[in-house]
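J.: Shown below is the structure under consideration.
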Amino acid sequence: MNKKIIIPVLAVFTVLMFGVCFWSIYSDIHFENQVTEREDAVKARLKQIRDAEDNYRRVYRHYCGDIDSLIDFVKNEKSIKDTQPDRELTDDEYDQLGKEIASEGNYTEDEIKRMIPERAVKKGILHIDTIWEAVAEMIGISDADSLKLVPVGKEGATISLRKNDVFDLKTGEVTTLVEFRASLEDYLDGLEKKRVDNYKSDLVALGRQQQGLWANVDSVDHDKDEWIGLRMGDLFDASNKMAGNWNN
């Protein structure tokens with residue numbers, strides 16, 4: 001073939017191959033960025049629910065197991081923002097309480113300082129004033145109804161809030177544990193399906209299911225569904241303390 005023809009053909013082929021490689025790399029990076037943005041939005045929503053649950057527990061001494069009831073709480077109720085003594089101790093009161101605590105054990109100076117206010121309240125020398133604030137303001141949300149919605153992806157998709165009442169053999173009390181979660185298929189809805197499927201497969205292949213992203217059996221509802229996504233809380237582990245199932 002004539003060199004005058006071969007060289008332009010090779011040049012065009014090279015440019016096309018470069019374009020294909022560039023587009024492939026760009027598409028991968030763009031997809032990863034979209035996933036990160038959507039996951040960050042979901043995590044922020046789950047953290048708002050966690051904050052609402054923390055305030056609910058502060059008021060009612062247990063977590064709320066129903067998303068609509070939690071939303072109603074955020075809309076209409078107040079929570080404890082802070083507590084503070086009604087006055088300061090006099091020097092004589094402070095010294096007397098310090099000596100009393102010191103005589104009871106081998107406490108350090110710092111320990112005694114921390115114990116003095118508690119002792120003063122216990123003895124009725126000080127009284128605690130409770131400062132209340134609207135829950136919506138405390139958690140920084142203007143539209144409480146949005147708490148139940150997955151903020152990105154499938155329109156109208158909701159966050160699942162479930163509870164499990166666990167009997168504590170040591171205390172003889174029932175503890176309400178909660179878990180709230182958003183499905184990956186909901187918050188990644190609208191992205192390229194093949195890439196989403198590959199992303200899900202990668203999570204499983206990398207063993208991310210052991211970190212809580214993958215649930216094979218829903219023991220509370222006894223349905224053997226397979227689920228993957230982002231969640232906070234744990235229906236069976238009270239020590240979880242509303243931690244998320246992601247790494248950061």
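Each chain of the structure tokens is named A, B, ... in the order shown, its residues numbered from 1; ligands are numbered from 1 in display order.
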Identify, with DSSP run on backbone atoms, the residues in stretch 70-112 of chain A assigned to strand (DSSP E), and express the list as a ChimeraX atom specification.
T.: /A:78-85
J.: Just N, CA and C atoms for this one: save the residues we selected as a PDB file, in the first residue's frame.
T.:
```
ATOM      1  N   LYS A  78     -39.536  19.372  71.352  1.00  0.00           N
ATOM      2  CA  LYS A  78     -38.256  19.935  71.759  1.00  0.00           C
ATOM      3  C   LYS A  78     -37.428  18.858  72.446  1.00  0.00           C
ATOM      4  N   SER A  79     -36.125  19.067  72.455  1.00  0.00           N
ATOM      5  CA  SER A  79     -35.217  18.130  73.101  1.00  0.00           C
ATOM      6  C   SER A  79     -34.283  18.905  74.024  1.00  0.00           C
ATOM      7  N   ILE A  80     -33.579  18.170  74.842  1.00  0.00           N
ATOM      8  CA  ILE A  80     -32.673  18.795  75.804  1.00  0.00           C
ATOM      9  C   ILE A  80     -31.395  19.223  75.099  1.00  0.00           C
ATOM     10  N   LYS A  81     -31.189  20.523  75.046  1.00  0.00           N
ATOM     11  CA  LYS A  81     -29.979  21.052  74.427  1.00  0.00           C
ATOM     12  C   LYS A  81     -28.812  21.063  75.399  1.00  0.00           C
ATOM     13  N   ASP A  82     -29.104  21.407  76.639  1.00  0.00           N
ATOM     14  CA  ASP A  82     -28.025  21.519  77.616  1.00  0.00           C
ATOM     15  C   ASP A  82     -28.618  21.529  79.018  1.00  0.00           C
ATOM     16  N   THR A  83     -27.794  21.203  79.974  1.00  0.00           N
ATOM     17  CA  THR A  83     -28.166  21.341  81.377  1.00  0.00           C
ATOM     18  C   THR A  83     -27.085  22.137  82.083  1.00  0.00           C
ATOM     19  N   GLN A  84     -27.485  22.946  83.037  1.00  0.00           N
ATOM     20  CA  GLN A  84     -26.508  23.737  83.769  1.00  0.00           C
ATOM     21  C   GLN A  84     -27.025  24.037  85.166  1.00  0.00           C
ATOM     22  N   PRO A  85     -26.124  24.198  86.144  1.00  0.00           N
ATOM     23  CA  PRO A  85     -26.549  24.492  87.514  1.00  0.00           C
ATOM     24  C   PRO A  85     -27.184  25.864  87.600  1.00  0.00           C
TER      25      PRO A  85
END
```
J.: Using only C-alpha atoms, find each residue in stretch 76-143 of chain A having at least one atom no more than 12 Å away from stretch 34-52 of chain A; report its shortest atom-to-atom pair and that distance in Å (one decimal), rows by chain then rising number, as CSV.
T.:
```
residue,atom,partner,partner_atom,distance
A:Glu77,CA,A:Ala52,CA,11.0
A:Lys78,CA,A:Ala52,CA,10.9
A:Ser79,CA,A:Ala52,CA,9.6
A:Ile80,CA,A:Ala52,CA,12.0
A:Ala134,CA,A:Ala52,CA,11.1
A:Val135,CA,A:Ala52,CA,7.3
A:Ala136,CA,A:Ala52,CA,8.3
A:Glu137,CA,A:Ala52,CA,10.7
A:Met138,CA,A:Asp51,CA,8.6
A:Ile139,CA,A:Asp51,CA,6.2
A:Gly140,CA,A:Gln48,CA,8.2
A:Ile141,CA,A:Gln48,CA,8.0
A:Ser142,CA,A:Gln48,CA,11.5
A:Asp143,CA,A:Gln48,CA,11.5
```
J.: Output N, CA, C and O atoms of each residue in that selection to a file, as a PDB file, in the first residue's frame.
T.:
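Just written: part.pdb:
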```
ATOM      1  N   GLU A  77     -41.676  18.694  68.472  1.00  0.00           N
ATOM      2  CA  GLU A  77     -41.220  18.606  69.860  1.00  0.00           C
ATOM      3  C   GLU A  77     -39.862  19.254  70.078  1.00  0.00           C
ATOM      4  O   GLU A  77     -39.153  19.608  69.131  1.00  0.00           O
ATOM      5  N   LYS A  78     -39.536  19.372  71.352  1.00  0.00           N
ATOM      6  CA  LYS A  78     -38.256  19.935  71.759  1.00  0.00           C
ATOM      7  C   LYS A  78     -37.428  18.858  72.446  1.00  0.00           C
ATOM      8  O   LYS A  78     -37.961  17.871  72.953  1.00  0.00           O
ATOM      9  N   SER A  79     -36.125  19.067  72.455  1.00  0.00           N
ATOM     10  CA  SER A  79     -35.217  18.130  73.101  1.00  0.00           C
ATOM     11  C   SER A  79     -34.283  18.905  74.024  1.00  0.00           C
ATOM     12  O   SER A  79     -34.201  20.135  73.969  1.00  0.00           O
ATOM     13  N   ILE A  80     -33.579  18.170  74.842  1.00  0.00           N
ATOM     14  CA  ILE A  80     -32.673  18.795  75.804  1.00  0.00           C
ATOM     15  C   ILE A  80     -31.395  19.223  75.099  1.00  0.00           C
ATOM     16  O   ILE A  80     -30.629  18.393  74.608  1.00  0.00           O
ATOM     17  N   ALA A 134     -36.091  23.358  69.912  1.00  0.00           N
ATOM     18  CA  ALA A 134     -36.825  22.595  68.892  1.00  0.00           C
ATOM     19  C   ALA A 134     -35.878  21.596  68.225  1.00  0.00           C
ATOM     20  O   ALA A 134     -34.749  21.931  67.864  1.00  0.00           O
ATOM     21  N   VAL A 135     -36.349  20.365  68.077  1.00  0.00           N
ATOM     22  CA  VAL A 135     -35.509  19.302  67.530  1.00  0.00           C
ATOM     23  C   VAL A 135     -35.032  19.641  66.122  1.00  0.00           C
ATOM     24  O   VAL A 135     -33.873  19.403  65.774  1.00  0.00           O
ATOM     25  N   ALA A 136     -35.936  20.188  65.299  1.00  0.00           N
ATOM     26  CA  ALA A 136     -35.575  20.525  63.919  1.00  0.00           C
ATOM     27  C   ALA A 136     -34.390  21.487  63.886  1.00  0.00           C
ATOM     28  O   ALA A 136     -33.502  21.360  63.040  1.00  0.00           O
ATOM     29  N   GLU A 137     -34.372  22.445  64.809  1.00  0.00           N
ATOM     30  CA  GLU A 137     -33.261  23.390  64.859  1.00  0.00           C
ATOM     31  C   GLU A 137     -31.988  22.710  65.339  1.00  0.00           C
ATOM     32  O   GLU A 137     -30.894  23.004  64.854  1.00  0.00           O
ATOM     33  N   MET A 138     -32.132  21.802  66.277  1.00  0.00           N
ATOM     34  CA  MET A 138     -30.960  21.131  66.824  1.00  0.00           C
ATOM     35  C   MET A 138     -30.244  20.275  65.796  1.00  0.00           C
ATOM     36  O   MET A 138     -29.020  20.197  65.774  1.00  0.00           O
ATOM     37  N   ILE A 139     -31.015  19.615  64.924  1.00  0.00           N
ATOM     38  CA  ILE A 139     -30.378  18.757  63.922  1.00  0.00           C
ATOM     39  C   ILE A 139     -30.184  19.464  62.583  1.00  0.00           C
ATOM     40  O   ILE A 139     -29.639  18.890  61.649  1.00  0.00           O
ATOM     41  N   GLY A 140     -30.642  20.711  62.508  1.00  0.00           N
ATOM     42  CA  GLY A 140     -30.404  21.516  61.312  1.00  0.00           C
ATOM     43  C   GLY A 140     -31.162  21.064  60.082  1.00  0.00           C
ATOM     44  O   GLY A 140     -30.578  20.922  59.000  1.00  0.00           O
ATOM     45  N   ILE A 141     -32.462  20.832  60.232  1.00  0.00           N
ATOM     46  CA  ILE A 141     -33.268  20.414  59.081  1.00  0.00           C
ATOM     47  C   ILE A 141     -34.524  21.284  59.004  1.00  0.00           C
ATOM     48  O   ILE A 141     -35.193  21.528  60.004  1.00  0.00           O
ATOM     49  N   SER A 142     -34.822  21.773  57.805  1.00  0.00           N
ATOM     50  CA  SER A 142     -35.986  22.631  57.617  1.00  0.00           C
ATOM     51  C   SER A 142     -37.201  21.857  57.119  1.00  0.00           C
ATOM     52  O   SER A 142     -38.337  22.285  57.297  1.00  0.00           O
ATOM     53  N   ASP A 143     -36.970  20.718  56.478  1.00  0.00           N
ATOM     54  CA  ASP A 143     -38.067  19.902  55.951  1.00  0.00           C
ATOM     55  C   ASP A 143     -37.980  18.515  56.585  1.00  0.00           C
ATOM     56  O   ASP A 143     -37.301  17.623  56.081  1.00  0.00           O
TER      57      ASP A 143
END
```
J.: Which of stretch 38-247 of chain A counts as helix (DSSP H, G or I) under DSSP, as a PyMOL selection string please?
T.: chain A and resi 38-60+67-76+91-102+109-122+135-139+144-148+184-187+193-205+208-211+238-240
J.: Just want the 10 Å neighbourhood of A:Leu149, counted on only C-alpha atoms, with same-chain residues fewer than 2 positions away dropped. Output as a ChimeraX atom specification.
T.: /A:42,45,145-147,151-152,154-160,182
J.: Rank A:Ile128, A:Val74, A:Leu169, A:Leu235 by their smallest atom-to-atom distance to A:Arg181, using only C-alpha atoms, and report the top residue only.
T.: A:Leu235
J.: Name all residues at most 10 Å from A:Asp237 (count only C-alpha atoms; drop same-chain ones fewer than 5 positions away) and give them as a list in words.
T.: Val166, Leu177, Val178 and Met242 of chain A
J.: Write a file of the selected residues as a tab-separated table (two decimals), in the first residue's frame, keeping N, CA, C and O atoms.
T.:
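Dumped everything to part_36.tsv:
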```
chain	number	residue	atom	x	y	z
A	166	VAL	N	-34.79	-6.08	72.22
A	166	VAL	CA	-33.89	-7.11	72.73
A	166	VAL	C	-33.97	-7.16	74.26
A	166	VAL	O	-33.86	-6.13	74.93
A	177	LEU	N	-33.41	-1.53	69.82
A	177	LEU	CA	-32.33	-1.24	68.90
A	177	LEU	C	-32.93	-0.88	67.54
A	177	LEU	O	-33.95	-1.44	67.14
A	178	VAL	N	-32.31	0.05	66.86
A	178	VAL	CA	-32.83	0.47	65.56
A	178	VAL	C	-31.75	0.43	64.50
A	178	VAL	O	-30.55	0.47	64.80
A	242	MET	N	-25.01	3.37	66.81
A	242	MET	CA	-25.41	4.10	65.60
A	242	MET	C	-24.25	4.34	64.63
A	242	MET	O	-24.24	5.33	63.91
```
